[in-house]
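Text of the file protein.txt, holding compact mmCIF, C-alpha atoms:
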# COMPACT_ATOMS: atom_id res chain seq x y z
CA MET A 227 -8.51 -1.41 28.43
CA ARG A 228 -9.89 -4.93 28.81
CA LYS A 229 -8.89 -7.41 26.13
CA ILE A 230 -11.79 -9.35 24.62
CA ASN A 231 -10.16 -11.27 21.79
CA GLN A 232 -6.75 -11.85 20.24
CA LEU A 233 -5.23 -13.22 17.05
CA LYS A 234 -1.59 -14.30 16.79
CA MET A 235 0.00 -15.46 13.58
CA ILE A 236 3.44 -16.21 12.19
CA PHE A 237 4.17 -16.43 8.48
CA ASP A 238 7.05 -16.30 5.99
CA SER A 239 8.20 -12.93 4.66
CA ARG A 240 7.10 -13.81 1.13
CA SER A 241 5.37 -11.11 -0.89
CA ILE A 242 2.47 -13.42 -1.70
CA ASN A 243 1.58 -13.24 2.00
CA GLU A 244 0.95 -9.47 1.86
CA SER A 245 -2.59 -10.07 0.61
CA PHE A 246 -3.16 -13.00 2.98
CA SER A 247 -2.03 -11.09 6.09
CA ARG A 248 -4.17 -7.98 5.51
CA MET A 249 -7.20 -10.14 4.69
CA ALA A 250 -6.66 -12.32 7.78
CA VAL A 251 -6.38 -9.32 10.13
CA ALA A 252 -9.34 -7.54 8.51
CA SER A 253 -11.39 -10.70 8.74
CA PHE A 254 -10.56 -11.10 12.46
CA CYS A 255 -11.37 -7.43 13.14
CA SER A 256 -14.70 -7.61 11.33
CA GLN A 257 -16.28 -8.96 14.58
CA LEU A 258 -16.43 -5.27 15.58
CA ASP A 259 -19.01 -4.47 12.89
CA MET A 260 -16.72 -2.00 11.16
CA THR A 261 -17.57 0.25 8.26
CA VAL A 262 -16.11 -0.52 4.84
CA ASP A 263 -13.80 2.48 5.30
CA GLU A 264 -12.51 1.24 8.66
CA LEU A 265 -11.90 -2.21 7.21
CA GLY A 266 -9.98 -0.55 4.39
CA ASP A 267 -7.89 1.41 6.91
CA ILE A 268 -6.93 -1.82 8.72
CA LYS A 269 -6.02 -3.57 5.47
CA THR A 270 -3.90 -0.62 4.36
CA VAL A 271 -1.85 -0.27 7.56
CA VAL A 272 -1.22 -4.04 7.76
CA SER A 273 -0.18 -4.13 4.11
CA GLU A 274 2.29 -1.27 4.60
CA ALA A 275 3.87 -2.77 7.73
CA VAL A 276 4.13 -6.29 6.28
CA THR A 277 5.64 -4.93 3.06
CA ASN A 278 8.28 -3.14 5.15
CA CYS A 279 9.20 -6.46 6.81
CA ILE A 280 9.56 -8.16 3.40
CA VAL A 281 11.29 -5.33 1.53
CA HIS A 282 13.49 -3.89 4.27
CA ALA A 283 13.81 -6.12 7.35
CA TYR A 284 14.39 -9.39 5.47
CA ARG A 285 15.64 -7.89 2.21
CA ASN A 286 17.99 -10.77 1.35
CA GLU A 287 16.35 -13.63 3.20
CA ILE A 288 13.05 -15.19 4.24
CA GLY A 289 12.24 -14.75 7.91
CA ASN A 290 9.25 -14.86 10.23
CA ILE A 291 6.70 -12.05 10.45
CA TYR A 292 4.72 -12.02 13.71
CA ILE A 293 1.34 -10.31 13.93
CA THR A 294 -0.69 -9.90 17.09
CA CYS A 295 -4.09 -8.30 16.77
CA THR A 296 -5.94 -7.49 19.99
CA VAL A 297 -9.52 -6.31 20.24
CA PHE A 298 -10.40 -4.32 23.38
CA GLU A 299 -13.77 -3.83 25.01
CA ASN A 300 -13.93 -0.13 24.12
CA GLY A 301 -13.64 -0.87 20.39
CA VAL A 302 -9.91 -0.22 20.13
CA ILE A 303 -7.86 -2.52 17.93
CA ARG A 304 -4.14 -2.86 18.54
CA ILE A 305 -2.03 -4.52 15.87
CA THR A 306 1.64 -5.28 16.35
CA ILE A 307 3.74 -6.36 13.38
CA ARG A 308 7.16 -7.65 14.39
CA ASP A 309 10.17 -8.99 12.54
CA LYS A 310 13.60 -10.25 13.51
CA GLY A 311 15.25 -8.65 10.51
CA CYS A 312 18.03 -6.11 10.07
CA GLY A 313 16.43 -3.32 12.12
CA ILE A 314 16.30 0.40 11.37
CA GLU A 315 19.32 2.52 12.24
CA ASN A 316 17.46 5.82 12.31
CA VAL A 317 13.72 5.39 12.95
CA LYS A 318 13.04 9.14 12.81
CA GLN A 319 14.58 9.38 9.35
CA ALA A 320 12.82 6.21 8.14
CA MET A 321 9.48 7.74 9.12
CA GLU A 322 10.04 10.98 7.21
CA PRO A 323 7.68 11.30 4.23
CA LEU A 324 9.30 10.32 0.91
CA TYR A 325 12.38 8.85 2.61
CA THR A 326 13.36 5.50 1.13
CA SER A 327 16.58 3.58 1.53
CA LEU A 328 15.90 1.54 -1.61
CA GLY A 329 14.90 3.93 -4.41
CA GLY A 330 13.42 2.43 -7.55
CA ASP A 331 9.64 2.45 -7.49
CA ARG A 332 9.38 2.63 -3.68
CA SER A 333 7.49 5.78 -2.72
CA GLY A 334 8.90 6.24 0.79
CA LEU A 335 5.38 6.90 2.07
CA GLY A 336 4.66 3.65 3.92
CA PHE A 337 4.88 5.14 7.43
CA SER A 338 2.99 8.28 6.33
CA VAL A 339 0.14 6.09 5.08
CA MET A 340 0.18 4.05 8.32
CA GLU A 341 0.02 7.27 10.36
CA SER A 342 -2.76 8.65 8.22
CA PHE A 343 -5.01 5.59 8.58
CA SER A 344 -4.50 4.86 12.29
CA ASP A 345 -4.89 6.75 15.58
CA LYS A 346 -1.52 5.80 17.09
CA LEU A 347 1.67 4.51 15.51
CA LYS A 348 4.76 3.44 17.42
CA VAL A 349 7.94 2.06 15.88
CA ARG A 350 10.64 0.39 17.97
CA SER A 351 13.73 -0.96 16.28
CA LYS A 352 17.20 -2.23 17.05
CA VAL A 353 19.82 -2.86 14.40
CA GLY A 354 20.47 -6.60 14.05
CA VAL A 355 17.54 -7.49 16.31
CA GLY A 356 14.40 -6.39 14.49
CA THR A 357 11.51 -3.96 14.37
CA THR A 358 8.13 -3.79 16.05
CA VAL A 359 5.40 -1.57 14.65
CA THR A 360 2.37 -1.00 16.89
CA ILE A 361 -0.78 0.54 15.50
CA GLU A 362 -3.94 1.43 17.38
CA LYS A 363 -7.28 2.35 15.92
CA LYS A 364 -10.58 3.09 17.60
CA ILE A 365 -13.44 1.52 15.66
CA MET A 366 -16.51 3.70 15.59
CA GLY A 367 -18.50 1.11 13.64
CA LYS A 368 -21.64 1.40 11.63
CA VAL A 369 -24.20 3.94 12.74
CA LYS A 370 -27.12 1.93 13.97
CA MET B 220 -4.92 -9.11 -10.90
CA SER B 221 -4.90 -8.23 -14.60
CA VAL B 222 -4.15 -5.30 -16.87
CA THR B 223 -6.18 -4.54 -20.00
CA ILE B 224 -4.52 -2.30 -22.54
CA LYS B 225 -6.53 -0.38 -25.11
CA GLN B 226 -5.50 2.25 -27.61
CA LYS B 227 -7.83 4.77 -29.17
CA ASN B 228 -6.30 7.41 -31.43
CA ASN B 229 -3.33 8.80 -29.47
CA ILE B 230 -4.42 7.65 -26.05
CA MET B 231 -3.32 4.38 -24.49
CA THR B 232 -5.43 3.24 -21.53
CA ALA B 233 -4.25 0.64 -19.03
CA GLN B 234 -7.09 -0.65 -16.89
CA ILE B 235 -5.90 -2.39 -13.73
CA LYS B 236 -8.18 -5.01 -12.22
CA GLY B 237 -7.64 -6.38 -8.69
CA GLU B 238 -5.25 -5.50 -5.88
CA ILE B 239 -2.18 -3.26 -6.08
CA ASP B 240 0.55 -4.05 -3.57
CA HIS B 241 4.27 -4.75 -3.54
CA HIS B 242 3.59 -8.33 -4.70
CA THR B 243 1.42 -7.44 -7.72
CA VAL B 244 3.18 -4.24 -8.85
CA PRO B 245 5.98 -5.90 -10.89
CA SER B 246 3.57 -7.70 -13.25
CA ILE B 247 1.31 -4.61 -13.55
CA ARG B 248 4.36 -2.46 -14.28
CA ASP B 249 5.71 -4.87 -16.90
CA ALA B 250 2.33 -5.16 -18.65
CA ILE B 251 1.98 -1.36 -18.89
CA ASP B 252 5.59 -0.66 -19.83
CA ASP B 253 5.78 -3.38 -22.50
CA ALA B 254 2.62 -2.07 -24.19
CA PHE B 255 3.66 1.56 -23.83
CA VAL B 256 7.12 1.05 -25.29
CA CYS B 257 5.73 -0.89 -28.29
CA ALA B 258 2.78 1.44 -28.97
CA GLU B 259 2.90 3.86 -31.87
CA ASN B 260 1.64 7.44 -32.02
CA VAL B 261 0.70 7.54 -28.34
CA THR B 262 0.72 10.99 -26.75
CA GLU B 263 -0.96 10.15 -23.48
CA LEU B 264 -0.96 7.20 -21.08
CA VAL B 265 -4.10 6.80 -18.99
CA ILE B 266 -4.14 4.49 -15.96
CA ASP B 267 -7.69 3.49 -15.07
CA PHE B 268 -8.31 2.48 -11.43
CA SER B 269 -12.05 1.75 -11.78
CA GLU B 270 -11.56 -2.00 -11.18
CA VAL B 271 -8.93 -1.69 -8.41
CA THR B 272 -10.13 -3.36 -5.21
CA PHE B 273 -7.18 -2.47 -2.95
CA MET B 274 -4.12 -0.22 -3.11
CA ASP B 275 -1.38 0.63 -0.63
CA SER B 276 1.60 2.97 -1.10
CA SER B 277 3.04 0.55 -3.69
CA GLY B 278 0.46 2.11 -6.04
CA ILE B 279 2.17 5.47 -5.64
CA GLY B 280 5.47 3.98 -6.74
CA LEU B 281 3.73 2.37 -9.70
CA VAL B 282 2.19 5.67 -10.84
CA MET B 283 5.36 7.71 -10.17
CA GLY B 284 7.42 5.23 -12.19
CA ARG B 285 4.97 5.39 -15.11
CA TYR B 286 5.00 9.20 -14.90
CA LYS B 287 8.80 9.17 -15.20
CA LEU B 288 8.61 6.80 -18.19
CA ALA B 289 5.97 8.89 -19.94
CA PHE B 290 7.76 12.17 -19.18
CA ALA B 291 11.11 10.81 -20.45
CA ASN B 292 9.36 9.98 -23.74
CA GLY B 293 7.59 13.34 -24.01
CA LYS B 294 4.15 11.88 -23.20
CA ALA B 295 1.55 12.85 -20.64
CA LEU B 296 0.13 10.68 -17.85
CA ARG B 297 -3.40 10.72 -16.49
CA VAL B 298 -4.79 8.67 -13.60
CA ILE B 299 -8.56 8.19 -13.53
CA ASN B 300 -11.35 6.60 -11.47
CA LEU B 301 -9.52 6.46 -8.13
CA SER B 302 -11.60 5.56 -5.07
CA GLU B 303 -11.70 8.15 -2.24
CA ARG B 304 -9.14 6.10 -0.26
CA ASP B 305 -6.77 5.57 -3.19
CA TYR B 306 -7.06 9.26 -4.10
CA LYS B 307 -6.08 10.21 -0.53
CA ILE B 308 -3.06 7.86 -0.66
CA MET B 309 -2.07 9.09 -4.12
CA LYS B 310 -2.22 12.75 -3.07
CA MET B 311 0.35 12.15 -0.29
CA SER B 312 2.98 11.86 -3.02
CA GLY B 313 2.17 15.17 -4.69
CA ILE B 314 1.67 13.36 -8.03
CA GLU B 315 -1.32 15.60 -8.77
CA LYS B 316 1.16 18.44 -9.36
CA LEU B 317 2.73 16.43 -12.20
CA ALA B 318 -0.16 14.51 -13.71
CA LYS B 319 -3.93 14.77 -13.94
CA VAL B 320 -5.41 12.66 -11.17
CA SER B 321 -9.14 12.17 -10.74
CA LYS B 322 -11.60 10.23 -8.61
CA LYS B 323 -14.44 7.98 -9.71
CA GLY B 324 -17.24 9.97 -11.26
CA GLU B 325 -15.10 13.04 -12.02
Rewrite the coordinates I just gave you, this time as structure tokens.
Amino acid sequence: MRKINQLKMIFDSRSINESFSRMAVASFCSQLDMTVDELGDIKTVVSEAVTNCIVHAYRNEIGNIYITCTVFENGVIRITIRDKGCGIENVKQAMEPLYTSLGGDRSGLGFSVMESFSDKLKVRSKVGVGTTVTIEKKIMGKVK
Amino acid sequence: MSVTIKQKNNIMTAQIKGEIDHHTVPSIRDAIDDAFVCAENVTELVIDFSEVTFMDSSGIGLVMGRYKLAFANGKALRVINLSERDYKIMKMSGIEKLAKVSKKGE
């Protein structure tokens, strides 16, 4: 796949940035002439991943969230959301629907939603080092 | 983001306007819960999504939490006017087995 454009950004793990980050990525991706639904899918997966960084990775601190969004020639978008937070001990368990380590009003469906609205989802994590979530989505675009 | 609360007879409706995410949920939750706890003669809580412009899985937690609150007080919960996307997200939780959940135009 040949890369045609790329966005890189770093921002604080503050909840107010959830809205900013999904809007920024969606805005960058809109060069692909996406449908409203596809734009919504991108916003949703970014929002879920960024919320995980804020709520889980940096639960007691403010750290950096790194997003790289790459647009490929064939209409594939790859988004990586990375943190240097606490890491996930058991990725398989964390990705199970309804699993949450926090309780309260957290639904435990963040990864399920990410899976549902993307084509590929990969999660790499190391305790004490951080987590990288990679999402790929093929943009079909508006029917001309 | 704002929440408009209205009560007609025994039904309290909370209309959410704007985006629902982890950042906005606490103030939405507090607005609904404060009104619900103070309201008299309410038998049903309705959450209206007609003016919601974005929702991620934080919206599920919001609805589940309100269901628990309503259920604990012997009241019913209904969620109305969900967009196709928000309905799909909401259904992942199985909430439709506990409360009435409907899309826009239903």
Interface rows for chain A against chain B: nearest pair, Å to one decimal, 8 Å, only C-alpha atoms, as a tab-separated table:
residue	atom	partner	partner_atom	distance
A:Ser241	CA	B:His242	CA	5.0
A:Ile242	CA	B:His242	CA	6.0
A:Glu244	CA	B:His242	CA	7.2
A:Ser245	CA	B:Asp240	CA	8.0
A:Thr270	CA	B:Asp275	CA	5.7
A:Ser273	CA	B:Asp275	CA	6.8
A:Glu274	CA	B:Asp275	CA	6.7
A:Thr277	CA	B:His241	CA	6.7
A:Leu324	CA	B:Ser312	CA	7.6
A:Asp331	CA	B:Gly280	CA	4.5
A:Arg332	CA	B:Gly280	CA	5.1
A:Ser333	CA	B:Gly280	CA	4.8
A:Leu335	CA	B:Ser276	CA	6.3
A:Gly336	CA	B:Ser276	CA	5.9
A:Val339	CA	B:Ile308	CA	6.8
Tell me which residues come within 6 Å of (-1.4, 9.5, -21.1), as a list in words, counting all atoms listed in the file in the file's coordinates. Glu263, Leu264, Val265, Ala295, Leu296 and Arg297 of chain B
Can you list, as a count of residues only, every protein, DNA or RNA residue that comes within 12 Å of region 302-306 of chain A when you count only C-alpha atoms, leaving out same-chain residues fewer than 3 positions away? 59
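Nearest residue to Tyr284 (chain A) among A:Ser342, A:Ser351, A:Gln319, A:Ser239 is A:Ser239, counting only C-alpha atoms.
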Return the padded bounding box of region 279-295 of chain B as JSON: axis-aligned, built from all atoms listed in the file, 8 Å added on each side, with centre and edge lengths in Å to one decimal.
{"center_x": 6.3, "center_y": 7.9, "center_z": -14.8, "size_x": 25.6, "size_y": 27.0, "size_z": 34.4}
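When CA of Met231 (chain B) is paired with CA of Ala250 (chain B), their separation reads 12.5 Å.
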From CA of Asp249 (chain B) to CA of Lys227 (chain B) the spacing works out at 20.7 Å
Considering only C-alpha atoms, can you say which of B:Leu301, B:Leu317, B:Ile235, B:Leu288 comes closest to Phe255 (chain B)? B:Leu288
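Among A:Cys279, A:Ala250, A:Ile314, A:Ile307, the residue with the shortest atom-to-atom distance to Lys352 (chain A), counting all atoms listed in the file, is A:Ile314.
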Write out as a PyMOL selection string which residues come within 10 Å of Tyr306 (chain B) when counting only C-alpha atoms, dropping same-chain ones fewer than 4 positions away. chain B and resi 274+298-302+310-311+315+320-323
How would the residues just picked look written out with C-alpha atoms as an mmCIF file, in the frame of the given file?
data_model
loop_
_atom_site.group_PDB
_atom_site.id
_atom_site.type_symbol
_atom_site.label_atom_id
_atom_site.label_comp_id
_atom_site.auth_asym_id
_atom_site.auth_seq_id
_atom_site.Cartn_x
_atom_site.Cartn_y
_atom_site.Cartn_z
ATOM 1 C CA MET B 274 -4.120 -0.220 -3.110
ATOM 2 C CA VAL B 298 -4.790 8.670 -13.600
ATOM 3 C CA ILE B 299 -8.560 8.190 -13.530
ATOM 4 C CA ASN B 300 -11.350 6.600 -11.470
ATOM 5 C CA LEU B 301 -9.520 6.460 -8.130
ATOM 6 C CA SER B 302 -11.600 5.560 -5.070
ATOM 7 C CA LYS B 310 -2.220 12.750 -3.070
ATOM 8 C CA MET B 311 0.350 12.150 -0.290
ATOM 9 C CA GLU B 315 -1.320 15.600 -8.770
ATOM 10 C CA VAL B 320 -5.410 12.660 -11.170
ATOM 11 C CA SER B 321 -9.140 12.170 -10.740
ATOM 12 C CA LYS B 322 -11.600 10.230 -8.610
ATOM 13 C CA LYS B 323 -14.440 7.980 -9.710
#
Could you state the separation of CA of Asp263 (chain A) and CA of Ser269 (chain B) in Å, given to one decimal place?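 According to the coordinates, CA of Asp263 (chain A) and CA of Ser269 (chain B) are separated by 17.2 Å.
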Using the incomplete input, complete region 223-245 of chain B to the level of N, CA and C atoms; output as a PDB file, keeping the file's coordinate frame.
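Okay, result09.pdb is ready:
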ATOM      1  N   THR B 223      -5.644  -4.562 -18.635  1.00  0.00           N
ATOM      2  CA  THR B 223      -6.180  -4.540 -20.000  1.00  0.00           C
ATOM      3  C   THR B 223      -5.708  -3.263 -20.675  1.00  0.00           C
ATOM      4  N   ILE B 224      -5.057  -3.444 -21.812  1.00  0.00           N
ATOM      5  CA  ILE B 224      -4.520  -2.300 -22.540  1.00  0.00           C
ATOM      6  C   ILE B 224      -5.398  -2.024 -23.763  1.00  0.00           C
ATOM      7  N   LYS B 225      -5.770  -0.771 -23.928  1.00  0.00           N
ATOM      8  CA  LYS B 225      -6.530  -0.380 -25.110  1.00  0.00           C
ATOM      9  C   LYS B 225      -5.935   0.895 -25.681  1.00  0.00           C
ATOM     10  N   GLN B 226      -5.974   1.000 -27.011  1.00  0.00           N
ATOM     11  CA  GLN B 226      -5.500   2.250 -27.610  1.00  0.00           C
ATOM     12  C   GLN B 226      -6.568   2.822 -28.532  1.00  0.00           C
ATOM     13  N   LYS B 227      -6.875   4.085 -28.313  1.00  0.00           N
ATOM     14  CA  LYS B 227      -7.830   4.770 -29.170  1.00  0.00           C
ATOM     15  C   LYS B 227      -7.184   6.083 -29.586  1.00  0.00           C
ATOM     16  N   ASN B 228      -7.016   6.251 -30.885  1.00  0.00           N
ATOM     17  CA  ASN B 228      -6.300   7.410 -31.430  1.00  0.00           C
ATOM     18  C   ASN B 228      -4.925   7.521 -30.756  1.00  0.00           C
ATOM     19  N   ASN B 229      -4.668   8.613 -30.060  1.00  0.00           N
ATOM     20  CA  ASN B 229      -3.330   8.800 -29.470  1.00  0.00           C
ATOM     21  C   ASN B 229      -3.278   8.481 -27.979  1.00  0.00           C
ATOM     22  N   ILE B 230      -4.363   7.901 -27.493  1.00  0.00           N
ATOM     23  CA  ILE B 230      -4.420   7.650 -26.050  1.00  0.00           C
ATOM     24  C   ILE B 230      -4.372   6.150 -25.748  1.00  0.00           C
ATOM     25  N   MET B 231      -3.406   5.781 -24.912  1.00  0.00           N
ATOM     26  CA  MET B 231      -3.320   4.380 -24.490  1.00  0.00           C
ATOM     27  C   MET B 231      -3.857   4.272 -23.068  1.00  0.00           C
ATOM     28  N   THR B 232      -4.848   3.405 -22.867  1.00  0.00           N
ATOM     29  CA  THR B 232      -5.430   3.240 -21.530  1.00  0.00           C
ATOM     30  C   THR B 232      -5.064   1.870 -20.971  1.00  0.00           C
ATOM     31  N   ALA B 233      -4.555   1.894 -19.736  1.00  0.00           N
ATOM     32  CA  ALA B 233      -4.250   0.640 -19.030  1.00  0.00           C
ATOM     33  C   ALA B 233      -5.233   0.522 -17.871  1.00  0.00           C
ATOM     34  N   GLN B 234      -6.121  -0.456 -17.968  1.00  0.00           N
ATOM     35  CA  GLN B 234      -7.090  -0.650 -16.890  1.00  0.00           C
ATOM     36  C   GLN B 234      -6.603  -1.776 -15.975  1.00  0.00           C
ATOM     37  N   ILE B 235      -6.404  -1.414 -14.708  1.00  0.00           N
ATOM     38  CA  ILE B 235      -5.900  -2.390 -13.730  1.00  0.00           C
ATOM     39  C   ILE B 235      -7.102  -3.003 -13.012  1.00  0.00           C
ATOM     40  N   LYS B 236      -7.093  -4.319 -12.912  1.00  0.00           N
ATOM     41  CA  LYS B 236      -8.180  -5.010 -12.220  1.00  0.00           C
ATOM     42  C   LYS B 236      -7.593  -5.818 -11.062  1.00  0.00           C
ATOM     43  N   GLY B 237      -8.102  -5.611  -9.849  1.00  0.00           N
ATOM     44  CA  GLY B 237      -7.640  -6.380  -8.690  1.00  0.00           C
ATOM     45  C   GLY B 237      -6.890  -5.540  -7.682  1.00  0.00           C
ATOM     46  N   GLU B 238      -5.942  -6.161  -6.984  1.00  0.00           N
ATOM     47  CA  GLU B 238      -5.250  -5.500  -5.880  1.00  0.00           C
ATOM     48  C   GLU B 238      -3.858  -5.009  -6.298  1.00  0.00           C
ATOM     49  N   ILE B 239      -3.513  -3.809  -5.800  1.00  0.00           N
ATOM     50  CA  ILE B 239      -2.180  -3.260  -6.080  1.00  0.00           C
ATOM     51  C   ILE B 239      -1.387  -3.241  -4.775  1.00  0.00           C
ATOM     52  N   ASP B 240      -0.378  -4.088  -4.704  1.00  0.00           N
ATOM     53  CA  ASP B 240       0.550  -4.050  -3.570  1.00  0.00           C
ATOM     54  C   ASP B 240       1.947  -4.377  -4.080  1.00  0.00           C
ATOM     55  N   HIS B 241       2.881  -4.496  -3.161  1.00  0.00           N
ATOM     56  CA  HIS B 241       4.270  -4.750  -3.540  1.00  0.00           C
ATOM     57  C   HIS B 241       4.416  -6.067  -4.320  1.00  0.00           C
ATOM     58  N   HIS B 242       3.531  -7.030  -4.021  1.00  0.00           N
ATOM     59  CA  HIS B 242       3.590  -8.330  -4.700  1.00  0.00           C
ATOM     60  C   HIS B 242       3.089  -8.247  -6.145  1.00  0.00           C
ATOM     61  N   THR B 243       2.029  -7.464  -6.376  1.00  0.00           N
ATOM     62  CA  THR B 243       1.420  -7.440  -7.720  1.00  0.00           C
ATOM     63  C   THR B 243       2.017  -6.363  -8.636  1.00  0.00           C
ATOM     64  N   VAL B 244       2.686  -5.357  -8.029  1.00  0.00           N
ATOM     65  CA  VAL B 244       3.180  -4.240  -8.850  1.00  0.00           C
ATOM     66  C   VAL B 244       4.115  -4.669  -9.998  1.00  0.00           C
ATOM     67  N   PRO B 245       5.076  -5.576  -9.767  1.00  0.00           N
ATOM     68  CA  PRO B 245       5.980  -5.900 -10.890  1.00  0.00           C
ATOM     69  C   PRO B 245       5.256  -6.362 -12.161  1.00  0.00           C
TER      70      PRO B 245
END
